[in-house]
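Source file: model-v7.txt (compact mmCIF, C-alpha atoms)
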# COMPACT_ATOMS: atom_id res chain seq x y z
CA GLU A 1 -75.15 37.56 -19.95
CA ALA A 2 -74.34 37.94 -16.29
CA GLU A 3 -71.23 36.21 -15.04
CA PRO A 4 -71.67 33.89 -12.08
CA GLU A 5 -70.83 35.52 -8.83
CA SER A 6 -67.74 34.33 -7.04
CA SER A 7 -68.25 33.06 -3.56
CA GLY A 8 -64.78 34.31 -2.51
CA ALA A 9 -63.90 30.97 -0.89
CA ALA A 10 -60.40 29.54 -1.57
CA VAL A 11 -60.30 26.50 -3.79
CA PRO A 12 -58.66 23.66 -1.83
CA GLU A 13 -55.52 22.14 -3.41
CA PRO A 14 -55.73 18.52 -4.33
CA GLU A 15 -54.16 16.25 -1.75
CA ARG A 16 -50.75 14.84 -2.69
CA GLU A 17 -50.39 11.13 -2.70
CA PRO A 18 -47.88 9.95 -0.10
CA GLU A 19 -44.59 8.74 -1.47
CA PRO A 20 -44.41 4.97 -1.69
CA GLU A 21 -42.63 3.45 1.28
CA LEU A 22 -39.31 1.91 0.30
CA PRO A 23 -38.69 -1.70 1.22
CA PRO A 24 -36.44 -2.29 4.23
CA LEU A 25 -32.76 -3.06 3.65
CA GLY A 26 -31.15 -6.32 4.58
CA ASP A 27 -28.84 -6.89 7.53
CA GLU A 28 -25.84 -6.75 5.21
CA PHE A 29 -26.28 -2.97 4.84
CA VAL A 30 -24.36 -0.79 7.29
CA PRO A 31 -25.22 2.86 8.10
CA VAL A 32 -22.26 5.07 7.23
CA LEU A 33 -23.54 8.66 6.99
CA SER A 34 -26.59 10.79 7.50
CA THR A 35 -28.13 12.34 4.41
CA LYS A 36 -27.25 15.77 5.80
CA GLU A 37 -23.56 14.80 5.78
CA LEU A 38 -23.68 14.07 2.05
CA PRO A 39 -25.44 16.87 0.17
CA MET A 40 -25.65 16.79 -3.61
CA GLY A 41 -22.25 17.29 -5.24
CA LYS A 42 -20.24 16.13 -2.22
CA ARG A 43 -18.12 13.01 -1.72
CA LYS A 44 -17.19 11.26 1.48
CA VAL A 45 -14.76 8.43 2.23
CA VAL A 46 -15.85 5.99 4.93
CA THR A 47 -14.24 2.81 6.23
CA VAL A 48 -16.39 -0.30 6.56
CA ASP A 49 -14.95 -3.74 7.38
CA GLY A 50 -11.46 -2.41 6.68
CA LYS A 51 -12.48 -1.13 3.23
CA GLU A 52 -12.12 2.51 2.24
CA ILE A 53 -15.32 3.37 0.36
CA MET A 54 -16.17 6.62 -1.40
CA VAL A 55 -19.86 7.54 -1.23
CA PHE A 56 -21.20 10.13 -3.66
CA TRP A 57 -24.16 11.30 -5.74
CA TYR A 58 -24.35 10.63 -9.48
CA ARG A 59 -27.44 11.76 -11.39
CA LYS A 60 -29.50 11.97 -8.18
CA GLU A 61 -28.49 8.46 -7.20
CA ILE A 62 -26.33 7.46 -4.25
CA CYS A 63 -23.32 5.42 -5.34
CA ALA A 64 -20.39 3.79 -3.55
CA ILE A 65 -17.10 2.57 -4.99
CA GLU A 66 -13.60 1.69 -3.82
CA ALA A 67 -11.97 4.93 -2.69
CA LYS A 68 -8.64 4.51 -4.48
CA SER A 69 -7.88 3.86 -8.10
CA THR A 70 -6.18 0.52 -8.71
CA ALA A 71 -4.20 2.12 -11.55
CA GLU A 72 -2.26 4.59 -9.41
CA ALA A 73 0.19 4.48 -6.52
CA PHE A 74 -1.23 3.69 -3.09
CA TYR A 75 -0.20 6.99 -1.48
CA SER A 76 -2.44 8.98 -3.83
CA GLU A 77 -5.58 10.74 -2.61
CA GLY A 78 -7.72 8.41 -4.69
CA PHE A 79 -10.98 9.32 -6.40
CA LEU A 80 -11.89 12.32 -4.23
CA PRO A 81 -10.71 14.86 -6.85
CA ALA A 82 -11.65 12.65 -9.82
CA LYS A 83 -13.96 13.70 -12.65
CA PHE A 84 -16.96 11.75 -13.89
CA THR A 85 -17.83 10.97 -17.48
CA GLN A 86 -21.30 11.14 -19.02
CA ASP A 87 -21.55 7.34 -19.33
CA TYR A 88 -21.14 6.30 -15.69
CA GLY A 89 -17.36 6.41 -15.64
CA ILE A 90 -14.86 7.92 -13.22
CA ILE A 91 -11.41 9.10 -14.34
CA CYS A 92 -8.27 8.13 -12.41
CA PRO A 93 -6.56 11.44 -11.51
CA THR A 94 -3.06 10.04 -12.10
CA THR A 95 -3.35 7.85 -15.20
CA ALA A 96 -6.55 9.22 -16.81
CA SER A 97 -7.81 5.63 -17.01
CA VAL A 98 -11.59 5.37 -16.79
CA PHE A 99 -13.42 2.92 -14.51
CA SER A 100 -17.13 2.10 -14.56
CA ILE A 101 -19.04 3.12 -11.43
CA ARG A 102 -21.61 0.46 -12.29
CA ASP A 103 -19.48 -2.68 -12.29
CA GLY A 104 -15.91 -1.39 -11.69
CA SER A 105 -14.58 -2.54 -15.06
CA ILE A 106 -11.86 -0.66 -16.93
CA LEU A 107 -13.48 1.38 -19.69
CA ASP A 108 -10.38 3.14 -20.97
CA TRP A 109 -6.77 2.26 -20.07
CA TYR A 110 -4.01 4.91 -20.25
CA PRO A 111 -5.77 6.86 -23.03
CA SER A 112 -3.11 9.58 -23.13
CA ASN A 113 0.01 7.42 -22.66
CA PRO A 114 0.46 4.74 -25.35
CA VAL A 115 3.87 3.74 -23.98
CA LEU A 116 2.57 2.77 -20.53
CA ARG A 117 -0.52 1.27 -22.14
CA LYS A 118 1.80 -1.09 -24.02
CA LEU A 119 4.23 -1.78 -21.16
CA THR A 120 1.53 -2.38 -18.55
CA PRO A 121 -1.54 -4.00 -20.15
CA LYS A 122 -4.84 -3.43 -18.38
CA GLU A 123 -4.78 -7.10 -17.33
CA THR A 124 -2.11 -6.10 -14.80
CA CYS A 125 -4.72 -3.97 -13.01
CA ARG A 126 -7.86 -5.30 -11.37
CA PRO A 127 -11.28 -3.60 -11.54
CA ILE A 128 -12.36 -1.30 -8.74
CA GLU A 129 -14.95 -2.66 -6.34
CA VAL A 130 -18.50 -1.28 -6.48
CA TYR A 131 -20.90 -1.40 -3.51
CA GLN A 132 -24.66 -1.23 -3.13
CA ALA A 133 -25.80 2.01 -1.46
CA ALA A 134 -29.20 3.34 -0.44
CA SER A 135 -30.82 5.88 1.88
CA ARG A 136 -33.49 5.16 4.47
CA ALA A 137 -34.95 7.43 7.17
CA GLY A 138 -32.29 10.10 6.85
CA ALA A 139 -29.33 7.69 6.80
CA ILE A 140 -27.12 6.33 4.03
CA TYR A 141 -26.38 2.62 4.04
CA VAL A 142 -23.67 0.66 2.23
CA ASN A 143 -23.29 -3.07 1.69
CA PRO A 144 -19.55 -3.76 2.22
CA GLU A 145 -19.81 -7.05 0.32
CA GLY A 146 -18.84 -5.57 -3.00
CA SER A 147 -18.78 -6.61 -6.62
CA LEU A 148 -15.43 -8.41 -6.35
CA LYS A 149 -16.56 -11.04 -3.86
CA ASP A 150 -16.19 -13.90 -6.36
CA TRP A 151 -13.95 -12.14 -8.88
CA GLN A 152 -11.11 -14.05 -10.48
CA PRO A 153 -8.53 -12.62 -12.90
CA GLU A 154 -9.26 -13.68 -16.47
CA SER A 155 -5.69 -13.24 -17.70
CA GLY A 156 -2.60 -15.17 -16.68
CA LEU A 157 -0.44 -12.03 -16.76
CA ARG A 158 -0.98 -11.43 -13.07
CA SER A 159 -2.69 -13.15 -10.15
CA ASP A 160 -1.28 -11.59 -6.95
CA PHE A 161 -3.94 -8.89 -6.55
CA THR A 162 -4.77 -7.54 -3.12
CA MET A 163 -8.50 -7.36 -2.66
CA PRO A 164 -10.23 -4.46 -0.86
CA GLY A 165 -9.95 -4.78 2.91
CA ALA A 166 -7.12 -7.32 2.72
CA SER A 167 -3.68 -6.56 4.12
CA THR A 168 -0.98 -5.68 1.63
CA ARG A 169 2.44 -7.29 1.27
CA GLY A 170 4.09 -4.22 2.74
CA GLY A 171 1.53 -3.45 5.41
CA SER A 172 -1.20 -0.85 5.50
CA ASP A 173 -0.82 2.23 3.29
CA THR A 174 2.46 1.29 1.65
CA SER A 175 3.71 1.64 -1.88
CA ILE A 176 4.19 -2.15 -2.05
CA GLU A 177 0.44 -2.58 -2.35
CA SER A 178 -0.13 -5.45 -4.78
CA ASN A 179 -2.62 -3.67 -7.03
CA ASN A 180 -0.17 -0.89 -7.78
CA VAL A 181 1.01 -1.40 -11.36
CA TYR A 182 4.10 0.64 -10.50
CA GLY A 183 5.07 -2.03 -7.95
CA LEU A 184 5.75 -4.73 -10.53
CA GLU A 185 9.44 -5.39 -10.04
CA PRO A 186 11.65 -8.25 -11.27
CA LYS A 187 13.18 -10.60 -8.75
CA MET A 188 16.71 -9.72 -7.69
CA TYR A 189 19.21 -12.55 -7.27
CA LEU A 190 22.91 -13.25 -7.49
CA GLU A 191 24.32 -14.77 -10.64
CA GLY A 192 24.52 -18.52 -10.32
CA SER A 193 21.85 -18.72 -7.60
CA ASN A 194 18.26 -19.90 -7.88
CA PRO A 195 15.86 -16.92 -8.29
CA ASP A 196 13.14 -18.82 -6.39
CA ASP A 197 15.32 -19.28 -3.31
CA ALA A 198 14.88 -16.59 -0.69
CA PRO A 199 18.16 -14.71 -0.16
CA SER A 200 19.81 -15.23 3.18
CA LEU A 201 20.25 -12.07 5.24
CA GLU A 202 22.89 -13.70 7.40
CA PRO A 203 26.51 -13.02 6.38
CA GLU A 204 28.29 -16.12 5.24
CA GLY A 205 31.39 -17.39 6.94
CA VAL A 206 30.71 -15.89 10.40
CA PRO A 207 32.48 -18.20 12.84
CA GLN A 208 30.47 -19.61 15.69
CA ALA A 209 33.20 -18.68 18.16
CA ALA A 210 32.69 -15.00 17.42
CA GLY A 211 29.14 -15.24 18.68
CA ASN A 212 30.27 -16.96 21.88
CA ILE A 213 32.38 -14.02 23.10
CA SER A 214 30.49 -12.17 25.80
CA PRO A 215 30.36 -8.35 25.69
CA ALA A 216 31.91 -8.17 29.18
CA THR A 217 34.94 -10.18 28.05
CA LEU A 218 35.34 -8.02 24.99
CA VAL A 219 35.20 -4.76 26.96
CA ALA A 220 37.63 -6.05 29.61
CA GLY A 221 40.09 -7.13 26.91
CA ILE A 222 39.97 -3.74 25.18
CA VAL A 223 40.52 -1.91 28.48
CA ALA A 224 43.45 -4.19 29.39
CA VAL A 225 45.10 -3.70 26.01
CA GLY A 226 44.66 0.05 26.34
CA ILE A 227 46.26 0.13 29.81
CA VAL A 228 49.24 -1.97 28.70
CA ALA A 229 49.72 0.11 25.55
CA VAL A 230 49.68 3.44 27.44
CA ALA A 231 51.95 2.18 30.22
CA GLY A 232 54.49 0.60 27.87
CA THR A 233 54.57 3.67 25.64
CA GLY A 234 55.04 5.92 28.65
CA VAL A 235 57.99 3.90 29.99
CA CYS A 236 59.76 3.87 26.60
CA LEU A 237 59.29 7.60 26.16
CA PHE A 238 60.47 8.30 29.72
CA TYR A 239 63.77 6.54 29.05
CA GLN A 240 63.84 7.83 25.45
CA ASN A 241 64.19 4.30 24.17
CA PHE A 242 62.63 4.63 20.71
CA VAL A 243 63.93 1.30 19.48
CA GLY A 244 62.27 -0.39 22.45
CA LEU A 245 59.06 1.57 21.72
CA ALA A 246 58.98 0.25 18.14
CA VAL A 247 59.61 -3.31 19.31
CA PHE A 248 56.95 -2.92 22.01
CA TRP A 249 54.28 -1.82 19.54
CA LEU A 250 55.25 -4.49 17.00
CA VAL A 251 55.03 -7.27 19.57
CA GLY A 252 51.86 -5.82 21.10
CA ILE A 253 50.00 -5.53 17.80
CA SER A 254 51.06 -9.04 16.81
CA ALA A 255 49.87 -10.44 20.13
CA VAL A 256 46.49 -8.69 19.90
CA GLY A 257 45.98 -9.87 16.32
CA TYR A 258 46.90 -13.45 17.15
CA THR A 259 44.56 -13.49 20.14
CA ALA A 260 41.67 -12.08 18.12
CA GLN A 261 42.21 -14.58 15.32
CA THR A 262 42.33 -17.47 17.79
CA LEU A 263 39.11 -16.44 19.54
CA THR A 264 37.09 -15.75 16.40
CA ASN A 265 38.69 -18.29 14.06
CA PHE A 266 38.62 -15.50 11.49
CA GLY A 267 39.69 -16.55 7.99
CA ALA A 268 39.56 -20.27 8.68
CA ASP A 269 36.73 -20.80 6.15
CA ASP A 270 37.94 -18.25 3.63
CA SER A 271 38.19 -19.91 0.24
CA THR A 272 41.14 -17.65 -0.67
CA ASN A 273 43.23 -19.37 1.99
CA ARG A 274 42.73 -22.79 0.43
CA LEU A 275 45.13 -24.27 -2.07
Would you write out, as structure tokens, the structure that this file holds?
Amino acid sequence: EAEPESSGAAVPEPEREPEPELPPLGDEFVPVLSTKELPMGKRKVVTVDGKEIMVFWYRKEICAIEAKSTAEAFYSEGFLPAKFTQDYGIICPTTASVFSIRDGSILDWYPSNPVLRKLTPKETCRPIEVYQAASRAGAIYVNPEGSLKDWQPESGLRSDFTMPGASTRGGSDTSIESNNVYGLEPKMYLEGSNPDDAPSLEPEGVPQAAGNISPATLVAGIVAVGIVAVAGTGVCLFYQNFVGLAVFWLVGISAVGYTAQTLTNFGADDSTNRL
């Protein structure tokens, strides 16, 4: 049988259906990067509303989480060098603790350090914050209102957590950051005093008269004492009167000490002087 002759014309490819148009994002989403700035396998840290947010790809999905682990010291480089697990977890580079990139919860706490796991329970560390992220028209958007908006600690072990974007007790980028489990320190106080009372930084027993002496008066007095001391010493040495020199210095030192004590009232409130 004869085969049908080919016409030689190219067979047109079937037309591809256009990709479905994604719904628009709400006003709460903020553009942070272009898609060209975040290729697959890369991570970027951006700051939105005072929050440091790490944006990255995970299984072809754009994700955004708090940039620093709440289990490590504040001066660390955070999650940039961190490894991911196969079940949507990210490993803290310092403590090896694992956080969920879905809801920020702690999946594994100090897995390789049972001592610290016992001394610092995971209730002393808050979850990391997770943010909604999406791409539209060549740009990557993040919603800075994260997963910890209404979060409250479930345990009574600790309640003074600093939330993302909030100022820390020690100021920005300090090791006194409240989420740092290494910053848990006992209160320091003197024996016999109330630990809840703030310690006074003012030295006790400083007479009020000492603060009333002007710098000019103090300088003039020192200069005058110096002149008298040099002149008196010179006269005694010129006449080689060493007995007079000793008496001169004894009387001079006594006079200076008495004058200083009178002006400052030094020692008047000292409990060791009371009977």
Exercise. What does the distance from atom CA of A:Ile101 to atom CA of A:Pro164 come to in Å, to one decimal?
Worked result: 15.7 Å
Problem set entry | Protein/DNA/RNA residues near (-18.7, -2.7, -4.7), cut 6 Å, only C-alpha atoms, as number ranges by chain | A: 65, 129-131, 146-147
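In this structure, atom CA of A:Ser34 sits 25.1 Å away from atom CA of A:Gly104.
Comparing A:Val225, A:Ala231, A:Ala134, A:Leu237 by their smallest distance to A:Ile253, the closest is A:Val225 (using all atoms listed in the file).
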For this session: Just give me the gap between atom CA of A:Ala166 and atom CA of A:Ala96 in Å, one decimal is fine.
Result: 25.6 Å
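The nearest approach to A:Lys51 among the residues A:Met163, A:Val247, A:Val256, A:Ala71, with all atoms listed in the file taken into account, belongs to A:Met163.
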I'd like the neighbourhood of A:Lys42 as a compact mmCIF listing (two decimals) with C-alpha atoms, in the coordinates of the input, where a residue qualifies if any of its atoms comes within 9 Å (using only C-alpha atoms), though same-chain residues fewer than 5 positions away should be ignored.
# COMPACT_ATOMS: atom_id res chain seq x y z
CA GLU A 37 -23.56 14.80 5.78
CA VAL A 55 -19.86 7.54 -1.23
CA PHE A 56 -21.20 10.13 -3.66
CA TRP A 57 -24.16 11.30 -5.74
Problem set entry | Selected residue of minimal separation from A:Asp103 among A:Gln132, A:Ser69, A:Asn143, A:Ser155, counting all atoms listed in the file | A:Gln132
Exercise. Leaving out A:Leu107 and any residue of its chain fewer than 4 positions from it, which residues lie within 8 Å of it when counting only C-alpha atoms, given as a ChimeraX atom specification?
Worked result: /A:89,97-100
